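Undergrad: Dropping a structure here in structure tokens format, bear with me for questions.
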Amino acid sequence: MLSAQSLAAIDREVAKYPADQARSAVMGALRIALVERRETGKTPEERCLNTEVIEFVANYLQIAPVAAYEVATFYNMYDMKPVGQYKITVCTNLPCALSGGVNAAEYISKKLGIAIGETSADGKYTLLEGECMGACGDAPVLLVNNHKMCSFMTPEAIDKKLAELN
Amino acid sequence: MLEIEIDGKKLTVPQGSTVMDAAHSVGTYIPHFCYHKKLSIAANCRMCLVEVEKAPKPLPACATPVTDGMKVHTHSDMAKKAQAGVMEFLLINHPLDCPICDQGGECQLQDLAVGYGNSSSRYQEEKRSVVGKDMGPLVSAEEMSRCIHCTRCVRFTEEIGGFQEIGMANRSEFSEIMPYLGKTVNSEISGNVIDLCPVGALTSKPFRYSTRAWELSRRKSVSPHDGLGSNLVVQVKSNEVMRVLPLENEAINECWIADRDRFSYEGLNSAERLQKPMIKFDGKWHETDWETALAYVVKGLNGVSADHGKDAIGFLTSPHSTTEELYLAQKLARAFGVNNIDYRLRRSDFSADAAQQGAQWLGSSIAELTATKSILVVGSTQRKEQPLLASHLRQAVKKGSALNVIHVADDALLTAVNAKLIVSPLALVNALAQVLKAVVELKSAQTAVDLAAVTVGAEAQAIAASLTGAESAAIVLGNLAQHHPAFAQLLKLAQEISALTGARFGLLAEAANSTGAELVGALPHRAAFGAAATAGLNAAAMIAAPRKAYVLLNTEVEFDSYNPQAAVAAMKQAATVIALTAYKGAGLLDYADVLLPIAPFSETAGSFVNMEGKLQSFNGVVRPLGESRPAWKVMRVLGNMLNLSGFEQNSAEDVRAELLAKGTLESAFNNALGDVAVNTAAAAGLVRIGEVPLYQADAICRRAQSLQQTADAAAPLATAPSSLLARLNVAAGKEGLLRQGSGELKVLVEADDSLPADTVRLATAHPLTVGLGGMFDSIELTQG
Ligand code: SF4
Ligand code: FES
């Protein structure tokens, strides 16, 4: 279900913990599974985690599927719902909001024609609101696909970023 | 030791105790939900907040370790305010509709809200609601809005059940308790989460909404199923068993019971219960009264004995019957001159009967077994044979015991196994002989068994090293080993290993009263307490050389025999089959001539001797149903009607006293065998692995509807390693044809590569498979 490359990456995560503590690697393993799905998935449904993938990861780590499911549903960076090729998460917490965070989210929303929480019809973008990313000084900030942090996202910067992604 | 003061009471507690432990030890109650003495500490409900002097804020008693000189106040203003605050939060999302909740009246949240909460709620906003979940036919998770997220159920499945089947998904106010999506909770001890759940979120599916907790009377009893002898509280209303709960007994079942113990009561109220004596004539069944039926029985027995001699009569009894019933059964048989009596219907090897020196038992107490550092379990499908003991063994492994396994199938034990040898039933003796040889080599010792032809494998080496290296060791033989055609050799080998390693050895008694049956001498070669007896035929011999008359006590031979095909044939050819039974089962209706309704364990006084040799007596919890009578009474009357002396007992207690006057329990048990020849060669050939399914073990659980809907009660299928299927040209996933003797069966065949080569696994004791032959005999498999 996962590529040899992903499995090797999971093995590396597992190796970080004592031999009988493979369950400690569940967060890393789910992250690796999600990245693979995002990169290889053709539709929003294929880009998120689902019960089969979670069960696969759990079995790979030899833990109960529901234990992996608990983790996957606890942290909101694990996409459990269909998601666009680019998931844009804009921080709208207070410090960011004071420096244009909400405006940035609204600007993207208008530009992509999707409301917050929605995925564009072509399955390319998903727009989400996020919680503090620890970079309030750089507000407005947003994350692309969990891993890429973008700072000072003025409308111009947003235009540029979206053009880049396109 | 640490000094602590709780509400002004000074006490000392051992290092590592929590404030909760300390409070319990002096009988101070601290309210709690998530804390449970048998589960790990979660400290997530916060109900147990107490004031600790010098701590700036209240601390959770369940998770706060005692420090020397600590002063705790459980009732101070600070503590009370904290408790009331927590209660208010807990009730924010909890429905306040106790009158319609199944848990009402026995709900910890309800009780503690009365004790520690406010009389009305300040919260006016909308409460959250959570959709119900499907956890299977036993546990209802219909009302998950009631859940307070204590995670006791989650911790139970993981820590006691061995596999986390329930989890808490999502976060914060979206948290939900659920099994994995699309799965049900299949643990064989799952029902305990119902007791653990402090609210009405998890309830008993068969019981819910049938009655109120305060309408039930509580009576003590003992489980009639496996050999553990779990203590029960049976709850009764209007002379009907409504529910069964565990009665705490730390030395036996702790505070748990298996699902079979908990839900089998449905079988007691089954429509198949026999309520009146019945006689068959002209091929039709007629209800009759006791007098007529007993006269018919007496005439039948006297007739057969006059025409064919006493030896033409056979008594087949059940290890699920009480000690008193089994004692009177053997007394009746022997007084009448019949020596053919046995309780071991599922055994196939009786060659050690002559070598037996005492009643067979576990060889230690249950507590001693679970405290043993190295345990070897031979031939036991542990979780299905002894569901709760299997969980005890898992706890033992957690505490550092090494669990070693010799078995015929590699089933998940949900625990770490030190070493395992999975072999065909035909190689089971060889496997244990390997261990013996390895022990002999390790110890540079001698043994009388000829081991020249045995080659020791790595796993046997590891098992031997574990047994010899540990400070205490035990070897126990499970049901499968006891039913195995080479049982005597297995026991002998265990004895030899024990002699060299100091390990204890014994049997995991199959049924609630297997050990009791041994004790009272419901055996062809031993009478009560091992008294000499004129040798009679054993169970297998009574079937192999069919008798003219059979007396069946509490048994349905098609489900309870090693070879159902032969057993049913023997019944059918008999001139008369007299069945003392609580049920009019289809088999009995077919081959019996007279059915005498007897009371199951819940309707008679009696006792069971569990695997550790502990005699536990109990009283009937309800009156016998219809015209059924306790079996001991029936046999007493039969004794009188047959003009035999010694049948004047007035109560089950009388019978018990008469039995116990014959010997002492302490010296009655001995597993040692005299001479038994051991053949260590592993035979070749295709053999059946025919185990008894969890919920087919005895007449009561066979009729418990809810248990019969579980995954464990699914229709049996045949599994075999794919190498075998390929060789036989049989497709996996399709129906195949199985043949044993004159019986054939078309059944779904699946591949299972964890099985040893040349084995076909197909359950016995199931309506589907009763036409087939011996449990561990050869079998043919074709595509058909
Ligand atoms: S279902 Fe019951 S036992 Fe499980 S977490 Fe909720 S309240 Fe606790
Ligand atoms: S009992 Fe202590 S926090 Fe729940």
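Residue names in the structure tokens use chain letters A, B, ... in the order shown, residue numbers from 1 in each chain, and ligand numbers from 1 in the order shown.
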Mind checking DSSP for region 8-148 of chain A and telling me the helix (DSSP H, G or I) residues as number ranges by chain?
TA: A: 8-15, 22-40, 44-47, 51-61, 65-74, 94-98, 101-112, 136-138
Undergrad: Tell me, counting only C-alpha atoms, for each residue of region 642-739 of chain B within 8 Å of region 629-636 of chain B, which pair of atoms is nearest and how far apart they are in Å to one decimal, in rows ordered by chain and increasing number, as a tab-separated table.
TA:
residue	atom	partner	partner_atom	distance
B:Phe647	CA	B:Arg636	CA	5.1
B:Glu648	CA	B:Arg636	CA	7.0
B:Gln649	CA	B:Arg636	CA	7.2
B:Ala652	CA	B:Trp632	CA	7.1
Undergrad: Output the selection as a JSON list (two decimals), in the first residue's frame - N, CA and C atoms for each residue.
TA:
[["chain", "number", "residue", "atom", "x", "y", "z"],
["B", 647, "PHE", "N", -29.03, -44.31, 49.34],
["B", 647, "PHE", "CA", -29.59, -43.17, 48.63],
["B", 647, "PHE", "C", -30.65, -42.47, 49.47],
["B", 648, "GLU", "N", -30.20, -42.04, 50.66],
["B", 648, "GLU", "CA", -31.16, -41.41, 51.57],
["B", 648, "GLU", "C", -30.87, -39.93, 51.76],
["B", 649, "GLN", "N", -29.97, -39.37, 50.97],
["B", 649, "GLN", "CA", -29.57, -37.98, 51.17],
["B", 649, "GLN", "C", -30.76, -37.03, 51.03],
["B", 652, "ALA", "N", -28.32, -31.49, 48.80],
["B", 652, "ALA", "CA", -27.03, -31.53, 48.13],
["B", 652, "ALA", "C", -25.91, -31.49, 49.16]]
Undergrad: Grab me every residue within 6 Å of ligand 1, counting only C-alpha atoms and all ligand atoms, and send it over as an mmCIF file with N, CA, C and O atoms, in the first residue's frame.
TA:
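The result, stored in part-v8.cif:
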data_model
loop_
_atom_site.group_PDB
_atom_site.id
_atom_site.type_symbol
_atom_site.label_atom_id
_atom_site.label_comp_id
_atom_site.auth_asym_id
_atom_site.auth_seq_id
_atom_site.Cartn_x
_atom_site.Cartn_y
_atom_site.Cartn_z
ATOM 1 N N CYS B 147 -21.050 9.224 27.525
ATOM 2 C CA CYS B 147 -19.652 8.928 27.852
ATOM 3 C C CYS B 147 -18.968 10.131 28.507
ATOM 4 O O CYS B 147 -19.155 11.263 28.077
ATOM 5 N N ILE B 148 -18.203 9.890 29.556
ATOM 6 C CA ILE B 148 -17.454 10.983 30.188
ATOM 7 C C ILE B 148 -15.955 10.856 29.908
ATOM 8 O O ILE B 148 -15.127 11.466 30.574
ATOM 9 N N HIS B 149 -15.603 10.017 28.955
ATOM 10 C CA HIS B 149 -14.217 9.929 28.477
ATOM 11 C C HIS B 149 -13.208 9.583 29.555
ATOM 12 O O HIS B 149 -12.123 10.132 29.615
ATOM 13 N N CYS B 150 -13.602 8.645 30.401
ATOM 14 C CA CYS B 150 -12.672 8.216 31.437
ATOM 15 C C CYS B 150 -11.621 7.276 30.853
ATOM 16 O O CYS B 150 -10.611 7.020 31.479
ATOM 17 N N THR B 151 -11.890 6.727 29.672
ATOM 18 C CA THR B 151 -11.007 5.779 28.963
ATOM 19 C C THR B 151 -10.768 4.464 29.703
ATOM 20 O O THR B 151 -9.825 3.748 29.397
ATOM 21 N N ARG B 152 -11.628 4.144 30.648
ATOM 22 C CA ARG B 152 -11.477 2.831 31.278
ATOM 23 C C ARG B 152 -11.644 1.712 30.255
ATOM 24 O O ARG B 152 -10.924 0.727 30.273
ATOM 25 N N CYS B 153 -12.645 1.901 29.375
ATOM 26 C CA CYS B 153 -12.908 0.843 28.387
ATOM 27 C C CYS B 153 -11.715 0.684 27.456
ATOM 28 O O CYS B 153 -11.343 -0.429 27.087
ATOM 29 N N LEU B 196 -17.039 -1.741 33.844
ATOM 30 C CA LEU B 196 -16.079 -0.662 34.059
ATOM 31 C C LEU B 196 -16.674 0.698 33.762
ATOM 32 O O LEU B 196 -16.343 1.682 34.415
ATOM 33 N N CYS B 197 -17.530 0.767 32.776
ATOM 34 C CA CYS B 197 -18.055 2.062 32.353
ATOM 35 C C CYS B 197 -18.850 2.666 33.512
ATOM 36 O O CYS B 197 -19.835 2.106 33.965
ATOM 37 N N PRO B 198 -18.406 3.825 33.992
ATOM 38 C CA PRO B 198 -19.054 4.390 35.181
ATOM 39 C C PRO B 198 -20.401 5.029 34.864
ATOM 40 O O PRO B 198 -21.119 5.435 35.771
ATOM 41 N N VAL B 199 -20.726 5.126 33.580
ATOM 42 C CA VAL B 199 -21.986 5.754 33.190
ATOM 43 C C VAL B 199 -22.758 4.799 32.302
ATOM 44 O O VAL B 199 -22.390 3.640 32.161
ATOM 45 N N ALA B 201 -22.947 4.635 29.112
ATOM 46 C CA ALA B 201 -22.520 4.655 27.712
ATOM 47 C C ALA B 201 -22.379 3.236 27.169
ATOM 48 O O ALA B 201 -22.857 2.918 26.093
ATOM 49 N N LEU B 202 -21.701 2.383 27.928
ATOM 50 C CA LEU B 202 -21.551 0.991 27.512
ATOM 51 C C LEU B 202 -22.437 0.141 28.411
ATOM 52 O O LEU B 202 -22.264 0.123 29.627
#
Undergrad: I'd like the neighbourhood of Ile116 (chain A) as a count of residues only, where a residue qualifies if any of its atoms comes within 8 Å (using only C-alpha atoms), though same-chain residues fewer than 5 positions away should be ignored.
TA: 5
Undergrad: Contacts of Leu686 (chain B) at 6 Å or less, counting only C-alpha atoms, minus same-chain residues fewer than 3 places along, as a ChimeraX atom specification?
TA: /B:758-759,778
Undergrad: Store the residues picked out above, limited to N, CA and C atoms, as a compact mmCIF listing (two decimals), in the first residue's frame.
TA:
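So the final result, stored in again33.txt, reads:
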# COMPACT_ATOMS: atom_id res chain seq x y z
N ASP B 758 0.22 -30.29 6.35
CA ASP B 758 -0.64 -31.49 6.43
C ASP B 758 -1.64 -31.46 7.57
N THR B 759 -2.23 -30.32 7.81
CA THR B 759 -3.30 -30.26 8.80
C THR B 759 -4.50 -29.53 8.19
N SER B 778 -7.39 -38.70 11.16
CA SER B 778 -7.07 -38.35 9.78
C SER B 778 -8.36 -37.91 9.08
Undergrad: Please identify the residues whose atoms come within 10 Å of ligand 2, using only C-alpha atoms and all ligand atoms, and report them as a PyMOL selection string.
TA: chain B and resi 19-20+30-36+41-50+59-64+86+149-152
Undergrad: Counting only C-alpha atoms, which residues in chain B sit no more than 8 Å from chain A? For each one, give the nearest pair of atoms and the distance in Å, sorted by chain then residue number, as a Markdown table.
TA:
| residue | atom | partner | partner_atom | distance |
| --- | --- | --- | --- | --- |
| B:Phe163 | CA | A:Ala64 | CA | 6.6 |
| B:Gln164 | CA | A:Ala64 | CA | 5.7 |
| B:Glu165 | CA | A:Val66 | CA | 6.6 |
| B:Ile166 | CA | A:Val66 | CA | 6.6 |
| B:Gly167 | CA | A:Val66 | CA | 5.5 |
| B:Met168 | CA | A:Glu70 | CA | 5.8 |
| B:Ala169 | CA | A:Glu70 | CA | 4.5 |
| B:Asn170 | CA | A:Thr73 | CA | 4.6 |
| B:Arg171 | CA | A:Phe74 | CA | 5.2 |
| B:Pro179 | CA | A:Val66 | CA | 6.8 |
| B:Tyr180 | CA | A:Val66 | CA | 4.9 |
| B:Leu181 | CA | A:Thr51 | CA | 7.3 |
Undergrad: Could you please determine the separation between CA of Trp361 (chain B) and CA of Leu673 (chain B) in Å, to one decimal place?
TA: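 Straight-line distance from CA of Trp361 (chain B) to CA of Leu673 (chain B) works out to 12.7 Å.
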Undergrad: Taking only C-alpha atoms into account, name the residue in A:Arg47, A:Arg37, A:Lys16, A:Lys161 that is nearest to Met1 (chain A).
TA: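 Residue with the minimum atom-to-atom distance to Met1 (chain A): A:Arg37.
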Undergrad: Figure out the distance between CA of Gly84 (chain A) and CA of Thr126 (chain A), please, to one decimal in Å.
TA: 4.9 Å
Undergrad: Just the number, please: distance in Å from CA of Gly117 (chain A) to CA of Met77 (chain A), one decimal.
TA: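 A separation of 13.5 Å between them.
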Undergrad: So that I can see what lies close to Leu34 (chain A), please list as an MDAnalysis selection string the residues with an atom at most 10 Å from it, counting only C-alpha atoms and leaving out residues fewer than 6 positions away in the same chain.
TA: chainID A and resid 2 6 28 40:41 46:50 53:54 77:80
Undergrad: Produce a file of the selected residues containing N, CA and C atoms, as a PDB file, in the first residue's frame.
TA:
ATOM      1  N   LEU A   2       2.021   1.193   0.666  1.00  0.00           N
ATOM      2  CA  LEU A   2       2.957   2.322   0.624  1.00  0.00           C
ATOM      3  C   LEU A   2       4.194   1.900  -0.164  1.00  0.00           C
ATOM      4  N   SER A   6       8.758   4.916   1.168  1.00  0.00           N
ATOM      5  CA  SER A   6       8.059   5.331   2.385  1.00  0.00           C
ATOM      6  C   SER A   6       8.315   4.341   3.510  1.00  0.00           C
ATOM      7  N   GLY A  28       5.390   9.806  13.082  1.00  0.00           N
ATOM      8  CA  GLY A  28       6.242   9.906  11.906  1.00  0.00           C
ATOM      9  C   GLY A  28       5.708   9.036  10.776  1.00  0.00           C
ATOM     10  N   THR A  40       1.251  11.297  -4.540  1.00  0.00           N
ATOM     11  CA  THR A  40       0.871  10.363  -5.597  1.00  0.00           C
ATOM     12  C   THR A  40      -0.623  10.386  -5.892  1.00  0.00           C
ATOM     13  N   GLY A  41      -1.418  10.921  -4.972  1.00  0.00           N
ATOM     14  CA  GLY A  41      -2.862  10.892  -5.156  1.00  0.00           C
ATOM     15  C   GLY A  41      -3.303  11.733  -6.332  1.00  0.00           C
ATOM     16  N   GLU A  46      -7.831  10.636  -2.777  1.00  0.00           N
ATOM     17  CA  GLU A  46      -6.617   9.811  -2.722  1.00  0.00           C
ATOM     18  C   GLU A  46      -5.482  10.492  -1.985  1.00  0.00           C
ATOM     19  N   ARG A  47      -5.695  11.773  -1.668  1.00  0.00           N
ATOM     20  CA  ARG A  47      -4.583  12.501  -1.047  1.00  0.00           C
ATOM     21  C   ARG A  47      -4.631  12.502   0.468  1.00  0.00           C
ATOM     22  N   CYS A  48      -5.728  12.025   1.024  1.00  0.00           N
ATOM     23  CA  CYS A  48      -5.813  12.073   2.488  1.00  0.00           C
ATOM     24  C   CYS A  48      -5.653  10.678   3.071  1.00  0.00           C
ATOM     25  N   LEU A  49      -5.548  10.610   4.382  1.00  0.00           N
ATOM     26  CA  LEU A  49      -5.485   9.309   5.057  1.00  0.00           C
ATOM     27  C   LEU A  49      -6.883   8.717   5.095  1.00  0.00           C
ATOM     28  N   ASN A  50      -6.967   7.420   4.952  1.00  0.00           N
ATOM     29  CA  ASN A  50      -8.258   6.765   5.144  1.00  0.00           C
ATOM     30  C   ASN A  50      -8.039   5.539   6.035  1.00  0.00           C
ATOM     31  N   VAL A  53      -5.336   2.992   4.928  1.00  0.00           N
ATOM     32  CA  VAL A  53      -3.939   3.398   5.093  1.00  0.00           C
ATOM     33  C   VAL A  53      -3.564   3.360   6.576  1.00  0.00           C
ATOM     34  N   ILE A  54      -4.468   3.848   7.411  1.00  0.00           N
ATOM     35  CA  ILE A  54      -4.160   3.881   8.845  1.00  0.00           C
ATOM     36  C   ILE A  54      -3.992   2.463   9.370  1.00  0.00           C
ATOM     37  N   MET A  77      -3.110  18.154  11.444  1.00  0.00           N
ATOM     38  CA  MET A  77      -2.328  18.177  10.206  1.00  0.00           C
ATOM     39  C   MET A  77      -2.458  16.872   9.425  1.00  0.00           C
ATOM     40  N   TYR A  78      -2.917  15.817  10.110  1.00  0.00           N
ATOM     41  CA  TYR A  78      -3.192  14.587   9.354  1.00  0.00           C
ATOM     42  C   TYR A  78      -4.520  14.772   8.651  1.00  0.00           C
ATOM     43  N   ASP A  79      -4.470  14.860   7.343  1.00  0.00           N
ATOM     44  CA  ASP A  79      -5.710  15.103   6.609  1.00  0.00           C
ATOM     45  C   ASP A  79      -6.555  13.844   6.599  1.00  0.00           C
ATOM     46  N   MET A  80      -7.694  13.945   7.228  1.00  0.00           N
ATOM     47  CA  MET A  80      -8.613  12.801   7.252  1.00  0.00           C
ATOM     48  C   MET A  80      -9.758  13.006   6.263  1.00  0.00           C
TER      49      MET A  80
END
Undergrad: Using DSSP assignments from the backbone, pull out every residue in region 62-157 of chain A that falls under strand (DSSP E) and give it to me as an MDAnalysis selection string.
TA: chainID A and resid 86:91 125:130 142:144 148:150
Undergrad: Would you save the residues of that selection, restricted to N, CA and C atoms, as a PDB file, in the first residue's frame?
TA:
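part.pdb, written as the output of this step:
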ATOM      1  N   TYR A  86      -2.781  21.362  -3.156  1.00  0.00           N
ATOM      2  CA  TYR A  86      -2.121  22.319  -2.269  1.00  0.00           C
ATOM      3  C   TYR A  86      -3.062  22.682  -1.142  1.00  0.00           C
ATOM      4  N   LYS A  87      -2.677  22.349   0.051  1.00  0.00           N
ATOM      5  CA  LYS A  87      -3.493  22.707   1.203  1.00  0.00           C
ATOM      6  C   LYS A  87      -2.894  23.969   1.800  1.00  0.00           C
ATOM      7  N   ILE A  88      -3.661  25.044   1.750  1.00  0.00           N
ATOM      8  CA  ILE A  88      -3.161  26.324   2.243  1.00  0.00           C
ATOM      9  C   ILE A  88      -3.817  26.615   3.588  1.00  0.00           C
ATOM     10  N   THR A  89      -3.007  26.709   4.618  1.00  0.00           N
ATOM     11  CA  THR A  89      -3.541  26.955   5.956  1.00  0.00           C
ATOM     12  C   THR A  89      -3.100  28.340   6.409  1.00  0.00           C
ATOM     13  N   VAL A  90      -4.050  29.242   6.580  1.00  0.00           N
ATOM     14  CA  VAL A  90      -3.716  30.618   6.944  1.00  0.00           C
ATOM     15  C   VAL A  90      -3.956  30.803   8.431  1.00  0.00           C
ATOM     16  N   CYS A  91      -2.986  31.412   9.123  1.00  0.00           N
ATOM     17  CA  CYS A  91      -3.178  31.650  10.547  1.00  0.00           C
ATOM     18  C   CYS A  91      -4.106  32.846  10.737  1.00  0.00           C
ATOM     19  N   TYR A 125      -6.747  23.180  -4.894  1.00  0.00           N
ATOM     20  CA  TYR A 125      -6.488  23.898  -3.644  1.00  0.00           C
ATOM     21  C   TYR A 125      -7.500  23.567  -2.556  1.00  0.00           C
ATOM     22  N   THR A 126      -7.001  23.553  -1.337  1.00  0.00           N
ATOM     23  CA  THR A 126      -7.881  23.517  -0.170  1.00  0.00           C
ATOM     24  C   THR A 126      -7.470  24.672   0.720  1.00  0.00           C
ATOM     25  N   LEU A 127      -8.427  25.423   1.193  1.00  0.00           N
ATOM     26  CA  LEU A 127      -8.115  26.569   2.041  1.00  0.00           C
ATOM     27  C   LEU A 127      -8.608  26.304   3.456  1.00  0.00           C
ATOM     28  N   LEU A 128      -7.702  26.459   4.419  1.00  0.00           N
ATOM     29  CA  LEU A 128      -8.066  26.221   5.813  1.00  0.00           C
ATOM     30  C   LEU A 128      -7.580  27.351   6.703  1.00  0.00           C
ATOM     31  N   GLU A 129      -8.249  27.490   7.803  1.00  0.00           N
ATOM     32  CA  GLU A 129      -7.782  28.409   8.841  1.00  0.00           C
ATOM     33  C   GLU A 129      -6.872  27.622   9.773  1.00  0.00           C
ATOM     34  N   GLY A 130      -5.800  28.238  10.238  1.00  0.00           N
ATOM     35  CA  GLY A 130      -4.930  27.508  11.149  1.00  0.00           C
ATOM     36  C   GLY A 130      -4.756  28.234  12.462  1.00  0.00           C
ATOM     37  N   LEU A 142       1.194  31.737   6.322  1.00  0.00           N
ATOM     38  CA  LEU A 142       0.402  30.576   5.916  1.00  0.00           C
ATOM     39  C   LEU A 142       1.319  29.388   5.660  1.00  0.00           C
ATOM     40  N   LEU A 143       0.714  28.212   5.704  1.00  0.00           N
ATOM     41  CA  LEU A 143       1.455  26.975   5.465  1.00  0.00           C
ATOM     42  C   LEU A 143       0.931  26.342   4.192  1.00  0.00           C
ATOM     43  N   VAL A 144       1.847  25.863   3.361  1.00  0.00           N
ATOM     44  CA  VAL A 144       1.419  25.089   2.202  1.00  0.00           C
ATOM     45  C   VAL A 144       1.761  23.626   2.482  1.00  0.00           C
ATOM     46  N   LYS A 148       5.594  23.712   4.221  1.00  0.00           N
ATOM     47  CA  LYS A 148       6.232  24.923   3.674  1.00  0.00           C
ATOM     48  C   LYS A 148       5.583  26.153   4.292  1.00  0.00           C
ATOM     49  N   MET A 149       6.383  26.895   5.044  1.00  0.00           N
ATOM     50  CA  MET A 149       5.875  28.075   5.738  1.00  0.00           C
ATOM     51  C   MET A 149       6.136  29.323   4.894  1.00  0.00           C
ATOM     52  N   CYS A 150       5.113  30.163   4.697  1.00  0.00           N
ATOM     53  CA  CYS A 150       5.288  31.391   3.922  1.00  0.00           C
ATOM     54  C   CYS A 150       4.976  32.598   4.812  1.00  0.00           C
TER      55      CYS A 150
END
Undergrad: Quick one: everything within 7 Å of Val520 (chain B), counting only C-alpha atoms, minus sequence neighbours fewer than 2 positions away in the same chain. Send it as a list in words.
TA: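 Contacts, in chain order: Thr323, Leu326, Tyr327, Gly516, Ala517, Glu518, Ala522, Ala527, Ala528 and Phe529 of chain B.
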Undergrad: Given the selection you just returned, output its residues as a file containing N, CA and C atoms, formatted as a PDB file, in the first residue's frame.
TA:
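New file out.pdb:
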ATOM      1  N   THR B 323     -20.419 -31.565  41.473  1.00  0.00           N
ATOM      2  CA  THR B 323     -19.721 -32.638  42.174  1.00  0.00           C
ATOM      3  C   THR B 323     -20.713 -33.635  42.762  1.00  0.00           C
ATOM      4  N   LEU B 326     -22.260 -35.795  40.021  1.00  0.00           N
ATOM      5  CA  LEU B 326     -21.318 -36.784  39.490  1.00  0.00           C
ATOM      6  C   LEU B 326     -21.044 -37.872  40.520  1.00  0.00           C
ATOM      7  N   TYR B 327     -20.992 -37.459  41.779  1.00  0.00           N
ATOM      8  CA  TYR B 327     -20.749 -38.445  42.829  1.00  0.00           C
ATOM      9  C   TYR B 327     -21.894 -39.455  42.876  1.00  0.00           C
ATOM     10  N   GLY B 516     -13.493 -31.943  39.645  1.00  0.00           N
ATOM     11  CA  GLY B 516     -14.444 -32.570  40.559  1.00  0.00           C
ATOM     12  C   GLY B 516     -14.807 -33.973  40.099  1.00  0.00           C
ATOM     13  N   ALA B 517     -14.956 -34.136  38.789  1.00  0.00           N
ATOM     14  CA  ALA B 517     -15.308 -35.454  38.257  1.00  0.00           C
ATOM     15  C   ALA B 517     -14.177 -36.453  38.528  1.00  0.00           C
ATOM     16  N   GLU B 518     -12.941 -35.962  38.417  1.00  0.00           N
ATOM     17  CA  GLU B 518     -11.787 -36.808  38.758  1.00  0.00           C
ATOM     18  C   GLU B 518     -11.873 -37.234  40.222  1.00  0.00           C
ATOM     19  N   ALA B 522     -15.943 -40.243  38.696  1.00  0.00           N
ATOM     20  CA  ALA B 522     -16.861 -40.520  37.591  1.00  0.00           C
ATOM     21  C   ALA B 522     -16.018 -41.099  36.467  1.00  0.00           C
ATOM     22  N   ALA B 527     -12.886 -44.929  41.890  1.00  0.00           N
ATOM     23  CA  ALA B 527     -14.094 -44.397  42.522  1.00  0.00           C
ATOM     24  C   ALA B 527     -13.707 -43.139  43.292  1.00  0.00           C
ATOM     25  N   ALA B 528     -14.610 -42.648  44.140  1.00  0.00           N
ATOM     26  CA  ALA B 528     -14.359 -41.382  44.823  1.00  0.00           C
ATOM     27  C   ALA B 528     -13.040 -41.410  45.606  1.00  0.00           C
ATOM     28  N   PHE B 529     -12.299 -40.328  45.527  1.00  0.00           N
ATOM     29  CA  PHE B 529     -11.006 -40.192  46.203  1.00  0.00           C
ATOM     30  C   PHE B 529     -10.070 -41.354  45.870  1.00  0.00           C
TER      31      PHE B 529
END
Undergrad: Residues within 10 Å of Ile158 (chain A), please, as a compact mmCIF listing (two decimals) with C-alpha atoms, in the first residue's frame. Count only C-alpha atoms; anything in the same chain fewer than 4 positions from it doesn't count.
TA:
# COMPACT_ATOMS: atom_id res chain seq x y z
CA ALA A 104 -5.06 37.27 3.67
CA ALA A 105 -7.46 34.36 4.14
CA TYR A 107 -8.12 37.41 -0.31
CA ILE A 108 -7.19 33.80 -1.08
CA LYS A 111 -9.09 34.63 -5.58
CA LEU A 142 0.40 30.58 5.92
CA CYS A 150 5.29 31.39 3.92
CA SER A 151 5.71 34.72 5.73
CA PHE A 152 4.57 38.29 5.09
CA MET A 153 1.73 37.15 2.84
CA THR A 154 0.46 40.44 1.48
CA LEU A 162 -0.33 31.05 -6.17
CA ALA A 163 1.26 31.71 -9.53
CA GLU A 164 4.20 29.62 -8.41
Undergrad: Go through A:Gly137, A:Glu45, A:Leu7, A:Ala29 one by one, measure the shortest atom-to-atom distance of each to Leu98 (chain A) using only C-alpha atoms, and give the residue with the smallest value.
TA: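 Looking only at the distances to Leu98 (chain A), the closest residue turns out to be A:Gly137.
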